[in-house]
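Enquirer: Supplied structure: model-v9.txt, compact mmCIF, C-alpha atoms.
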# COMPACT_ATOMS: atom_id res chain seq x y z
CA MET A 1135 -60.07 13.46 -28.59
CA SER A 1136 -56.61 12.73 -30.04
CA ASN A 1137 -56.03 16.39 -30.98
CA LEU A 1138 -57.07 17.53 -27.52
CA VAL A 1139 -54.76 15.01 -25.86
CA SER A 1140 -51.84 16.09 -28.05
CA TYR A 1141 -52.58 19.76 -27.27
CA LEU A 1142 -52.56 19.02 -23.53
CA PHE A 1143 -48.99 17.80 -23.89
CA LYS A 1144 -47.89 20.30 -26.55
CA THR A 1145 -48.85 23.29 -24.39
CA ASN A 1146 -47.60 21.66 -21.16
CA ALA A 1147 -51.18 21.74 -19.86
CA PHE A 1148 -50.46 18.12 -18.92
CA LYS A 1149 -46.83 17.64 -17.91
CA VAL A 1150 -45.35 14.28 -16.93
CA CYS A 1151 -42.38 14.19 -14.60
CA PRO A 1152 -38.97 12.76 -15.53
CA ASP A 1153 -38.08 9.32 -14.15
CA ASN A 1154 -37.83 9.25 -10.34
CA LYS A 1155 -38.61 12.98 -10.08
CA PRO A 1156 -42.31 13.33 -9.16
CA PHE A 1157 -43.76 16.79 -8.76
CA TRP A 1158 -44.55 18.37 -5.42
CA TYR A 1159 -48.18 19.46 -5.04
CA THR A 1160 -49.39 22.31 -2.82
CA SER A 1161 -50.97 19.81 -0.42
CA GLY A 1162 -47.60 18.29 0.45
CA LYS A 1163 -48.24 15.20 -1.62
CA ILE A 1164 -46.36 14.18 -4.75
CA GLY A 1165 -47.37 12.83 -8.12
CA PRO A 1166 -46.18 12.09 -11.64
CA TYR A 1167 -48.00 14.91 -13.44
CA PHE A 1168 -49.13 18.51 -13.31
CA ILE A 1169 -52.28 19.86 -14.97
CA ASN A 1170 -52.64 23.49 -16.03
CA THR A 1171 -55.65 23.31 -18.33
CA HIS A 1172 -55.59 27.05 -19.00
CA PHE A 1173 -52.35 26.54 -20.97
CA LEU A 1174 -54.67 25.34 -23.76
CA TYR A 1175 -55.13 29.06 -24.37
CA GLY A 1176 -52.21 28.46 -26.71
CA SER A 1177 -49.10 28.26 -24.56
CA GLU A 1178 -47.92 28.60 -20.99
CA GLU A 1179 -46.53 32.07 -21.66
CA GLU A 1180 -49.77 33.37 -23.18
CA ALA A 1181 -51.89 31.81 -20.43
CA VAL A 1182 -49.79 33.33 -17.66
CA GLU A 1183 -50.00 36.72 -19.38
CA PHE A 1184 -53.80 36.39 -19.59
CA LEU A 1185 -54.01 35.59 -15.86
CA SER A 1186 -51.91 38.64 -15.09
CA PHE A 1187 -54.22 40.73 -17.26
CA ILE A 1188 -57.25 39.43 -15.33
CA ASP A 1189 -55.59 40.20 -12.00
CA VAL A 1190 -55.01 43.81 -13.05
CA GLU A 1191 -58.57 44.29 -14.32
CA LYS A 1192 -60.72 42.22 -11.95
CA ASP A 1193 -61.41 44.92 -9.36
CA ASN A 1194 -63.74 46.64 -11.84
CA LYS A 1195 -66.34 43.90 -11.95
CA ILE A 1196 -68.62 45.62 -14.44
CA GLU A 1197 -65.95 46.24 -17.07
CA LEU A 1198 -64.01 42.99 -16.55
CA PRO A 1199 -66.22 40.54 -18.54
CA LYS A 1200 -65.99 42.59 -21.75
CA LYS A 1201 -62.22 43.01 -21.39
CA VAL A 1202 -61.75 39.29 -20.73
CA PHE A 1203 -64.00 38.38 -23.65
CA ASP A 1204 -62.27 40.75 -26.07
CA LYS A 1205 -58.86 39.32 -25.22
CA ALA A 1206 -60.09 35.72 -25.40
CA PHE A 1207 -61.89 36.34 -28.68
CA ALA A 1208 -58.76 37.85 -30.23
CA GLN A 1209 -56.88 34.71 -29.18
CA TYR A 1210 -59.68 32.50 -30.54
CA THR A 1211 -59.39 34.12 -33.95
CA SER A 1212 -55.58 33.95 -34.07
CA ASN A 1213 -54.47 30.79 -32.24
CA ASN A 1214 -55.31 27.43 -33.82
CA ILE A 1215 -54.85 25.39 -30.63
CA TYR A 1216 -57.18 27.55 -28.57
CA LYS A 1217 -59.73 27.73 -31.40
CA GLU A 1218 -59.79 23.95 -31.83
CA VAL A 1219 -60.24 23.42 -28.08
CA ILE A 1220 -63.13 25.88 -27.92
CA ASP A 1221 -64.73 24.46 -31.05
CA GLU A 1222 -64.43 20.97 -29.56
CA MET A 1223 -66.21 22.20 -26.42
CA ILE A 1224 -69.02 23.69 -28.49
CA SER A 1225 -69.41 20.49 -30.49
CA PHE A 1226 -69.39 18.43 -27.27
CA ILE A 1227 -72.00 20.63 -25.59
CA ASN A 1228 -74.26 20.53 -28.64
CA SER A 1229 -74.09 16.73 -28.73
CA HIS A 1230 -74.71 16.19 -25.00
CA ILE A 1231 -77.05 19.01 -23.96
CA ASN A 1232 -80.22 20.48 -25.43
CA VAL A 1233 -78.84 23.97 -25.88
CA ASP A 1234 -82.33 25.44 -26.18
CA GLU A 1235 -82.85 24.62 -22.50
CA ILE A 1236 -79.80 26.64 -21.39
CA ASP A 1237 -80.68 30.12 -20.13
CA TYR A 1238 -77.21 31.23 -19.01
CA VAL A 1239 -73.57 30.11 -19.12
CA SER A 1240 -71.47 30.74 -16.01
CA GLY A 1241 -67.77 30.70 -15.22
CA GLY A 1242 -65.85 31.20 -11.97
CA GLU A 1243 -62.81 33.27 -11.12
CA ARG A 1244 -60.33 32.97 -12.80
CA ARG A 1245 -59.38 30.02 -15.00
CA ASP A 1246 -62.97 29.17 -15.94
CA TRP A 1247 -63.04 32.48 -17.81
CA PHE A 1248 -60.52 31.16 -20.32
CA PHE A 1249 -63.39 29.02 -21.64
CA SER A 1250 -66.79 30.16 -20.33
CA ASN A 1251 -66.90 33.59 -21.98
CA ILE A 1252 -66.18 32.32 -25.49
CA VAL A 1253 -68.56 29.37 -25.04
CA ALA A 1254 -71.36 31.74 -23.97
CA TYR A 1255 -70.74 33.93 -27.00
CA LEU A 1256 -70.71 31.01 -29.45
CA LEU A 1257 -73.84 29.48 -27.89
CA LYS A 1258 -75.49 32.93 -27.97
CA LYS A 1259 -76.25 32.76 -24.25
CA PRO A 1260 -75.82 35.51 -21.62
CA HIS A 1261 -72.89 34.95 -19.25
CA ILE A 1262 -72.73 35.00 -15.47
CA THR A 1263 -69.29 35.97 -14.17
CA ILE A 1264 -68.78 34.54 -10.67
CA PHE A 1265 -66.13 35.96 -8.35
CA LYS A 1266 -64.45 34.18 -5.46
CA ASP A 1267 -66.38 36.35 -2.98
CA LEU A 1268 -69.59 34.85 -4.49
CA SER A 1269 -70.62 38.13 -6.12
CA THR A 1270 -71.82 37.97 -9.73
CA VAL A 1271 -72.35 40.14 -12.77
CA VAL A 1272 -74.40 39.24 -15.83
CA SER A 1273 -73.39 40.05 -19.41
CA THR A 1274 -75.26 39.85 -22.67
CA ALA A 1275 -74.06 37.13 -25.05
CA ASP A 1276 -71.98 39.67 -27.00
CA PHE A 1277 -70.61 41.15 -23.75
CA GLU A 1278 -71.62 44.66 -24.82
CA GLU A 1279 -73.64 45.14 -21.63
CA THR A 1280 -72.86 43.97 -18.10
CA SER A 1281 -74.90 44.61 -14.98
CA VAL A 1282 -75.50 43.43 -11.43
CA ARG A 1283 -78.63 41.30 -11.21
CA SER A 1284 -80.18 40.37 -7.89
CA GLU A 1285 -82.38 37.56 -9.17
CA LEU A 1286 -82.59 35.12 -12.06
CA ASN A 1287 -85.41 33.08 -10.60
CA GLY A 1288 -85.87 29.65 -12.14
CA LYS A 1289 -83.19 30.09 -14.80
CA LYS A 1290 -81.13 27.08 -15.88
CA VAL A 1291 -77.37 27.48 -16.00
CA LEU A 1292 -74.52 25.65 -17.74
CA HIS A 1293 -71.30 26.11 -15.78
CA VAL A 1294 -68.16 25.88 -17.90
CA ALA A 1295 -64.83 25.24 -16.16
CA ASP A 1296 -61.27 24.36 -17.02
CA LEU A 1297 -60.93 21.49 -14.55
CA VAL A 1298 -62.75 19.48 -11.92
CA THR A 1299 -60.90 17.68 -9.13
CA ALA A 1300 -63.05 17.17 -6.03
CA ALA A 1301 -65.57 19.90 -7.02
CA SER A 1302 -64.59 21.99 -3.98
CA SER A 1303 -64.88 25.28 -5.91
CA TYR A 1304 -68.36 24.29 -7.03
CA LEU A 1305 -69.46 23.46 -3.49
CA ARG A 1306 -67.79 26.46 -1.87
CA ALA A 1307 -68.58 29.15 -4.42
CA TRP A 1308 -70.09 28.48 -7.85
CA ILE A 1309 -73.24 26.60 -6.79
CA PRO A 1310 -74.07 28.93 -3.83
CA ALA A 1311 -73.48 32.02 -6.02
CA ILE A 1312 -75.92 30.81 -8.66
CA GLN A 1313 -78.44 29.69 -6.04
CA SER A 1314 -78.31 33.15 -4.44
CA LEU A 1315 -79.73 34.48 -7.72
CA GLY A 1316 -82.58 31.98 -7.56
CA ALA A 1317 -81.10 30.10 -10.51
CA GLU A 1318 -79.71 26.59 -10.73
CA ILE A 1319 -76.65 24.96 -12.25
CA VAL A 1320 -78.24 22.17 -14.25
CA TRP A 1321 -75.19 21.23 -16.33
CA SER A 1322 -71.43 21.39 -15.89
CA THR A 1323 -68.90 20.95 -18.68
CA VAL A 1324 -65.17 20.94 -17.97
CA VAL A 1325 -62.21 20.45 -20.25
CA VAL A 1326 -60.43 18.05 -17.91
CA ASP A 1327 -61.70 15.71 -15.20
CA ARG A 1328 -58.91 14.64 -12.84
CA MET A 1329 -61.02 11.62 -11.90
CA GLN A 1330 -60.88 12.40 -8.20
CA GLY A 1331 -64.60 12.26 -7.56
CA GLY A 1332 -65.64 15.78 -8.55
CA ASN A 1333 -68.06 14.91 -11.33
CA ASP A 1334 -69.55 12.09 -9.24
CA ARG A 1335 -70.16 14.59 -6.44
CA LEU A 1336 -71.88 16.98 -8.84
CA ARG A 1337 -74.09 14.19 -10.18
CA GLU A 1338 -75.11 13.35 -6.61
CA LEU A 1339 -76.34 16.94 -6.39
CA GLY A 1340 -78.43 16.45 -9.52
CA ILE A 1341 -76.08 18.29 -11.89
CA ASN A 1342 -75.46 16.76 -15.32
CA ALA A 1343 -71.65 16.73 -15.25
CA TYR A 1344 -69.55 16.26 -18.39
CA SER A 1345 -65.87 16.40 -19.31
CA LEU A 1346 -64.02 16.35 -22.62
CA VAL A 1347 -60.95 14.52 -21.29
CA GLN A 1348 -60.52 12.23 -18.29
CA ILE A 1349 -57.11 11.77 -16.71
CA ALA A 1350 -57.36 8.00 -16.91
CA PRO A 1351 -55.76 4.97 -18.62
CA GLU A 1352 -57.59 5.65 -21.90
CA MET A 1353 -55.89 9.04 -22.16
CA PHE A 1354 -52.50 7.58 -21.22
CA LYS A 1355 -52.90 4.94 -23.93
CA LYS A 1356 -53.80 7.59 -26.48
CA ALA A 1357 -50.70 9.58 -25.54
CA LEU A 1358 -48.57 6.43 -25.79
CA ASP A 1359 -50.00 5.61 -29.22
CA LEU A 1360 -49.25 9.15 -30.37
CA GLY A 1361 -45.65 8.77 -29.23
CA ILE A 1362 -46.02 11.56 -26.68
CA ILE A 1363 -45.07 9.49 -23.62
CA SER A 1364 -42.85 6.44 -23.18
CA GLU A 1365 -43.96 2.99 -22.07
CA GLU A 1366 -42.24 3.62 -18.71
CA GLN A 1367 -44.25 6.83 -18.23
CA ASN A 1368 -47.42 5.02 -19.25
CA ILE A 1369 -46.81 2.34 -16.60
CA MET A 1370 -46.08 4.98 -13.96
CA LEU A 1371 -49.25 6.95 -14.78
CA ASN A 1372 -51.40 3.84 -14.67
CA LYS A 1373 -49.98 2.77 -11.30
CA PHE A 1374 -50.63 6.24 -9.90
CA PHE A 1375 -54.18 6.20 -11.27
CA GLU A 1376 -54.91 2.87 -9.56
CA ASP A 1377 -53.36 3.75 -6.19
CA PRO A 1378 -51.93 7.27 -5.92
CA ASP A 1379 -50.99 7.19 -2.23
CA GLY A 1380 -49.68 3.63 -2.29
CA THR A 1381 -47.59 4.27 -5.40
CA MET A 1382 -46.00 7.42 -4.00
CA ARG A 1383 -45.45 5.83 -0.56
CA LYS A 1384 -43.55 3.00 -2.24
CA PHE A 1385 -41.51 5.54 -4.21
CA LEU A 1386 -40.54 7.50 -1.08
CA ILE A 1387 -39.51 4.32 0.75
CA GLU A 1388 -37.39 3.21 -2.20
CA HIS A 1389 -35.91 6.68 -2.75
CA PRO A 1390 -35.26 8.24 0.69
CA GLU A 1391 -32.91 10.75 -0.93
CA PHE A 1392 -35.90 12.37 -2.65
CA LEU A 1393 -37.26 13.80 0.62
CA GLU A 1394 -33.77 14.61 1.88
CA ASN A 1395 -33.02 16.64 -1.25
CA ALA A 1396 -36.41 18.36 -1.13
CA LEU A 1397 -35.67 19.64 2.37
CA LYS A 1398 -32.51 21.30 0.99
CA SER A 1399 -34.19 22.74 -2.09
CA ASP A 1400 -35.97 26.04 -2.80
CA GLU A 1401 -38.36 27.55 -0.26
CA LYS A 1402 -41.56 26.37 -1.95
CA THR A 1403 -40.33 22.78 -2.14
CA ILE A 1404 -39.13 22.86 1.48
CA VAL A 1405 -42.59 23.99 2.66
CA ARG A 1406 -44.29 21.19 0.76
CA ALA A 1407 -41.81 18.55 1.93
CA ARG A 1408 -42.36 19.63 5.53
CA LEU A 1409 -46.12 19.36 5.05
CA CYS A 1410 -45.59 15.83 3.82
CA LEU A 1411 -43.39 14.84 6.75
CA GLU A 1412 -45.20 16.67 9.56
CA GLY A 1413 -48.58 15.40 8.43
CA ASP A 1414 -47.14 11.94 7.72
CA LEU A 1415 -49.17 12.02 4.53
CA TYR A 1416 -47.77 8.70 3.33
CA ASN A 1417 -47.67 6.87 6.66
CA LEU A 1418 -43.88 6.68 6.54
CA LYS A 1419 -43.69 6.52 10.34
CA GLY A 1420 -45.93 3.46 10.55
Will you turn the file into structure tokens for me?

Expert:
Amino acid sequence: MSNLVSYLFKTNAFKVCPDNKPFWYTSGKIGPYFINTHFLYGSEEEAVEFLSFIDVEKDNKIELPKKVFDKAFAQYTSNNIYKEVIDEMISFINSHINVDEIDYVSGGERRDWFFSNIVAYLLKKPHITIFKDLSTVVSTADFEETSVRSELNGKKVLHVADLVTAASSYLRAWIPAIQSLGAEIVWSTVVVDRMQGGNDRLRELGINAYSLVQIAPEMFKKALDLGIISEEQNIMLNKFFEDPDGTMRKFLIEHPEFLENALKSDEKTIVRARLCLEGDLYNLKG
């Protein structure tokens, strides 16, 4: 786990804010860290380039899986960080799941594909590519053939994802897409669990849900021991883990200038600050 934790920080996949400068989230809330698990592809620059590549190619659903796999496999054979992360996933899956029971590996548009395609290839399992519109295509394990399949009745699927938060993508798209084929997601393995109830929700649905890293005090302690974060950052992360809304409400009350400055900042920050204020997300009016 220590290598994976260090890689999360080294690639900026997990980024902690400077003192008294929490990050703005899309929801209008704030917090002390950002997670971009797909940066484990090797670096932020390479991951962003890969996403751009996917965006250009994704309209051709039959050809996309092979193109994504080829690019990911080239990275796997040339980038040590990405290779170690993928190899760790394979080792984890082999130790937690009876691989012989897996019929297919699936991954959802787009960031899941950073991991699911390579995992399917290394496990020698065919891959189901799921798109946001709930359509699917099925590829052989070597990605040499891809086709549209209307039914995979009774087949058992391992879904591989970059991140789970509240499992909204699973509930909205990935699970219904697999069910429409007559198959079932029996297992889920993600690189990072944000510990916001997603895996618990999946388990309630009968899915065996696993994660390599949990954004929790154990990880913060590991990062502290490795000298990656300071004691002050460790304290801040632990407080946020215990009570995210209460911690950030206290911060905003103690630092009123933070909201004032946000409302004079760039357009994206202004939109998020307004969401925070208009929705009274931290009960600042009470």

Enquirer: Mind giving me the straight-line distance from atom CA of Glu1366 of chain A to atom CA of Pro1152 of chain A in Å, one decimal?

Expert: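 Atom CA of Glu1366 of chain A sits 10.2 Å away from atom CA of Pro1152 of chain A.
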
Enquirer: Find, counting all atoms listed in the file, the residue in A:Pro1199, A:Pro1156, A:Gly1361, A:Gly1288 that gets nearest to Leu1386 of chain A.

Expert: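 Among the listed residues, A:Pro1156 lies closest to Leu1386 of chain A.
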
Enquirer: Near segment 1185-1189 of chain A, within 10 Å and counting all atoms listed in the file, which residues show up once chain neighbours fewer than 4 positions away are dropped, as a PDB file with C-alpha atoms, in the frame of the given file?

Expert:
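Once everything was written out, this is part_35.pdb:
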ATOM      1  CA  HIS A1172     -55.590  27.050 -19.000  1.00  0.00           C
ATOM      2  CA  GLU A1180     -49.770  33.370 -23.180  1.00  0.00           C
ATOM      3  CA  ALA A1181     -51.890  31.810 -20.430  1.00  0.00           C
ATOM      4  CA  ASP A1193     -61.410  44.920  -9.360  1.00  0.00           C
ATOM      5  CA  LEU A1198     -64.010  42.990 -16.550  1.00  0.00           C
ATOM      6  CA  PRO A1199     -66.220  40.540 -18.540  1.00  0.00           C
ATOM      7  CA  LYS A1201     -62.220  43.010 -21.390  1.00  0.00           C
ATOM      8  CA  VAL A1202     -61.750  39.290 -20.730  1.00  0.00           C
ATOM      9  CA  LYS A1205     -58.860  39.320 -25.220  1.00  0.00           C
ATOM     10  CA  GLU A1243     -62.810  33.270 -11.120  1.00  0.00           C
ATOM     11  CA  ARG A1244     -60.330  32.970 -12.800  1.00  0.00           C
ATOM     12  CA  ARG A1245     -59.380  30.020 -15.000  1.00  0.00           C
ATOM     13  CA  TRP A1247     -63.040  32.480 -17.810  1.00  0.00           C
ATOM     14  CA  PHE A1248     -60.520  31.160 -20.320  1.00  0.00           C
TER      15      PHE A1248
END

Enquirer: In Å, rounded to a single decimal, give me how far atom CA of Ile1349 of chain A is from atom CA of Arg1383 of chain A.

Expert: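 Between these atoms lies a distance of 20.8 Å.
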
Enquirer: Which value, in Å to one decimal, gives the distance between atom CA of Lys1419 of chain A and atom CA of Ala1407 of chain A?

Expert: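 Between atom CA of Lys1419 of chain A and atom CA of Ala1407 of chain A the gap works out to 14.8 Å.
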
Enquirer: Identify the residues around (-69.8, 22.3, -17.5) within a radius of 12 Å, measuring from only C-alpha atoms in the coordinates stated by the file, and give them as a PyMOL selection string.

Expert: chain A and resi 1223-1224+1226-1227+1230-1231+1236+1238-1242+1246+1249-1250+1253-1254+1291-1298+1301+1304+1308+1319-1327+1332-1333+1336-1337+1341-1346

Enquirer: Using only C-alpha atoms for the distances, tell me which of A:Ile1362, A:Val1139, A:Ile1252, A:Val1282 is nearest to Lys1195 of chain A.

Expert: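 Answer, going by the shortest atom-to-atom distance: A:Val1282.
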
Enquirer: Restricting the calculation to all atoms listed in the file, which member of A:Leu1142, A:Met1329, A:Ala1350, A:Leu1393 is positioned closest to Lys1373 of chain A?

Expert: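 Once distances to Lys1373 of chain A are computed over all atoms listed in the file, the minimum belongs to A:Ala1350.
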
Enquirer: Which is closer to Thr1270 of chain A than all the others in A:Asn1228, A:Gln1367, A:Ser1314, A:Ser1303, using all atoms listed in the file?

Expert: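 Smallest separation from Thr1270 of chain A among the options: A:Ser1314.
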
Enquirer: For Ala1357 of chain A, find every residue with an atom within 12 Å (counting only C-alpha atoms), except residues of its own chain fewer than 4 positions away, and show them as JSON, numbers by chain.

Expert: {"A": [1135, 1136, 1137, 1138, 1139, 1140, 1141, 1142, 1143, 1144, 1148, 1149, 1150, 1349, 1350, 1351, 1352, 1353, 1361, 1362, 1363, 1364, 1365, 1367, 1368, 1371]}

Enquirer: Go ahead and write the residues just picked, C-alpha atoms, as an mmCIF file, in the frame of the given file.

Expert:
data_model
loop_
_atom_site.group_PDB
_atom_site.id
_atom_site.type_symbol
_atom_site.label_atom_id
_atom_site.label_comp_id
_atom_site.auth_asym_id
_atom_site.auth_seq_id
_atom_site.Cartn_x
_atom_site.Cartn_y
_atom_site.Cartn_z
ATOM 1 C CA MET A 1135 -60.070 13.460 -28.590
ATOM 2 C CA SER A 1136 -56.610 12.730 -30.040
ATOM 3 C CA ASN A 1137 -56.030 16.390 -30.980
ATOM 4 C CA LEU A 1138 -57.070 17.530 -27.520
ATOM 5 C CA VAL A 1139 -54.760 15.010 -25.860
ATOM 6 C CA SER A 1140 -51.840 16.090 -28.050
ATOM 7 C CA TYR A 1141 -52.580 19.760 -27.270
ATOM 8 C CA LEU A 1142 -52.560 19.020 -23.530
ATOM 9 C CA PHE A 1143 -48.990 17.800 -23.890
ATOM 10 C CA LYS A 1144 -47.890 20.300 -26.550
ATOM 11 C CA PHE A 1148 -50.460 18.120 -18.920
ATOM 12 C CA LYS A 1149 -46.830 17.640 -17.910
ATOM 13 C CA VAL A 1150 -45.350 14.280 -16.930
ATOM 14 C CA ILE A 1349 -57.110 11.770 -16.710
ATOM 15 C CA ALA A 1350 -57.360 8.000 -16.910
ATOM 16 C CA PRO A 1351 -55.760 4.970 -18.620
ATOM 17 C CA GLU A 1352 -57.590 5.650 -21.900
ATOM 18 C CA MET A 1353 -55.890 9.040 -22.160
ATOM 19 C CA GLY A 1361 -45.650 8.770 -29.230
ATOM 20 C CA ILE A 1362 -46.020 11.560 -26.680
ATOM 21 C CA ILE A 1363 -45.070 9.490 -23.620
ATOM 22 C CA SER A 1364 -42.850 6.440 -23.180
ATOM 23 C CA GLU A 1365 -43.960 2.990 -22.070
ATOM 24 C CA GLN A 1367 -44.250 6.830 -18.230
ATOM 25 C CA ASN A 1368 -47.420 5.020 -19.250
ATOM 26 C CA LEU A 1371 -49.250 6.950 -14.780
#

Enquirer: Given all atoms listed in the file as the basis, pick out the residue of A:Val1233, A:Met1370, A:Leu1358, A:Ile1196 nearest to Phe1385 of chain A.

Expert: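 Closest residue, counting all atoms listed in the file: A:Met1370.
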
Enquirer: So, counting only C-alpha atoms, which residue among A:Phe1374, A:Phe1173, A:Phe1203, A:Trp1158 is closest to Asn1146 of chain A?

Expert: A:Phe1173

Enquirer: Since the input has fewer atoms than a full residue there, write segment 1306-1317 of chain A out with N, CA and C atoms, as a short mmCIF file (atom, residue, chain, number, x, y, z; two decimals), in the frame of the given file.

Expert:
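The result, written out as result.cif:
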data_model
loop_
_atom_site.label_atom_id
_atom_site.label_comp_id
_atom_site.auth_asym_id
_atom_site.auth_seq_id
_atom_site.Cartn_x
_atom_site.Cartn_y
_atom_site.Cartn_z
N ARG A 1306 -68.09 25.28 -2.69
CA ARG A 1306 -67.79 26.46 -1.87
C ARG A 1306 -68.36 27.74 -2.48
N ALA A 1307 -68.29 27.86 -3.82
CA ALA A 1307 -68.58 29.15 -4.42
C ALA A 1307 -69.57 29.14 -5.58
N TRP A 1308 -69.31 28.34 -6.61
CA TRP A 1308 -70.09 28.48 -7.85
C TRP A 1308 -71.57 28.13 -7.65
N ILE A 1309 -71.84 27.00 -7.01
CA ILE A 1309 -73.24 26.60 -6.79
C ILE A 1309 -73.96 27.59 -5.86
N PRO A 1310 -73.39 27.96 -4.70
CA PRO A 1310 -74.07 28.93 -3.83
C PRO A 1310 -74.30 30.29 -4.52
N ALA A 1311 -73.34 30.73 -5.34
CA ALA A 1311 -73.48 32.02 -6.02
C ALA A 1311 -74.67 32.00 -6.98
N ILE A 1312 -74.81 30.93 -7.72
CA ILE A 1312 -75.92 30.81 -8.66
C ILE A 1312 -77.25 30.64 -7.91
N GLN A 1313 -77.22 29.88 -6.84
CA GLN A 1313 -78.44 29.69 -6.04
C GLN A 1313 -78.90 31.01 -5.40
N SER A 1314 -77.95 31.87 -5.06
CA SER A 1314 -78.31 33.15 -4.44
C SER A 1314 -79.09 34.04 -5.40
N LEU A 1315 -78.98 33.75 -6.70
CA LEU A 1315 -79.73 34.48 -7.72
C LEU A 1315 -81.10 33.84 -7.98
N GLY A 1316 -81.35 32.71 -7.32
CA GLY A 1316 -82.58 31.98 -7.56
C GLY A 1316 -82.51 31.09 -8.78
N ALA A 1317 -81.31 30.96 -9.34
CA ALA A 1317 -81.10 30.10 -10.51
C ALA A 1317 -80.49 28.78 -10.08
#
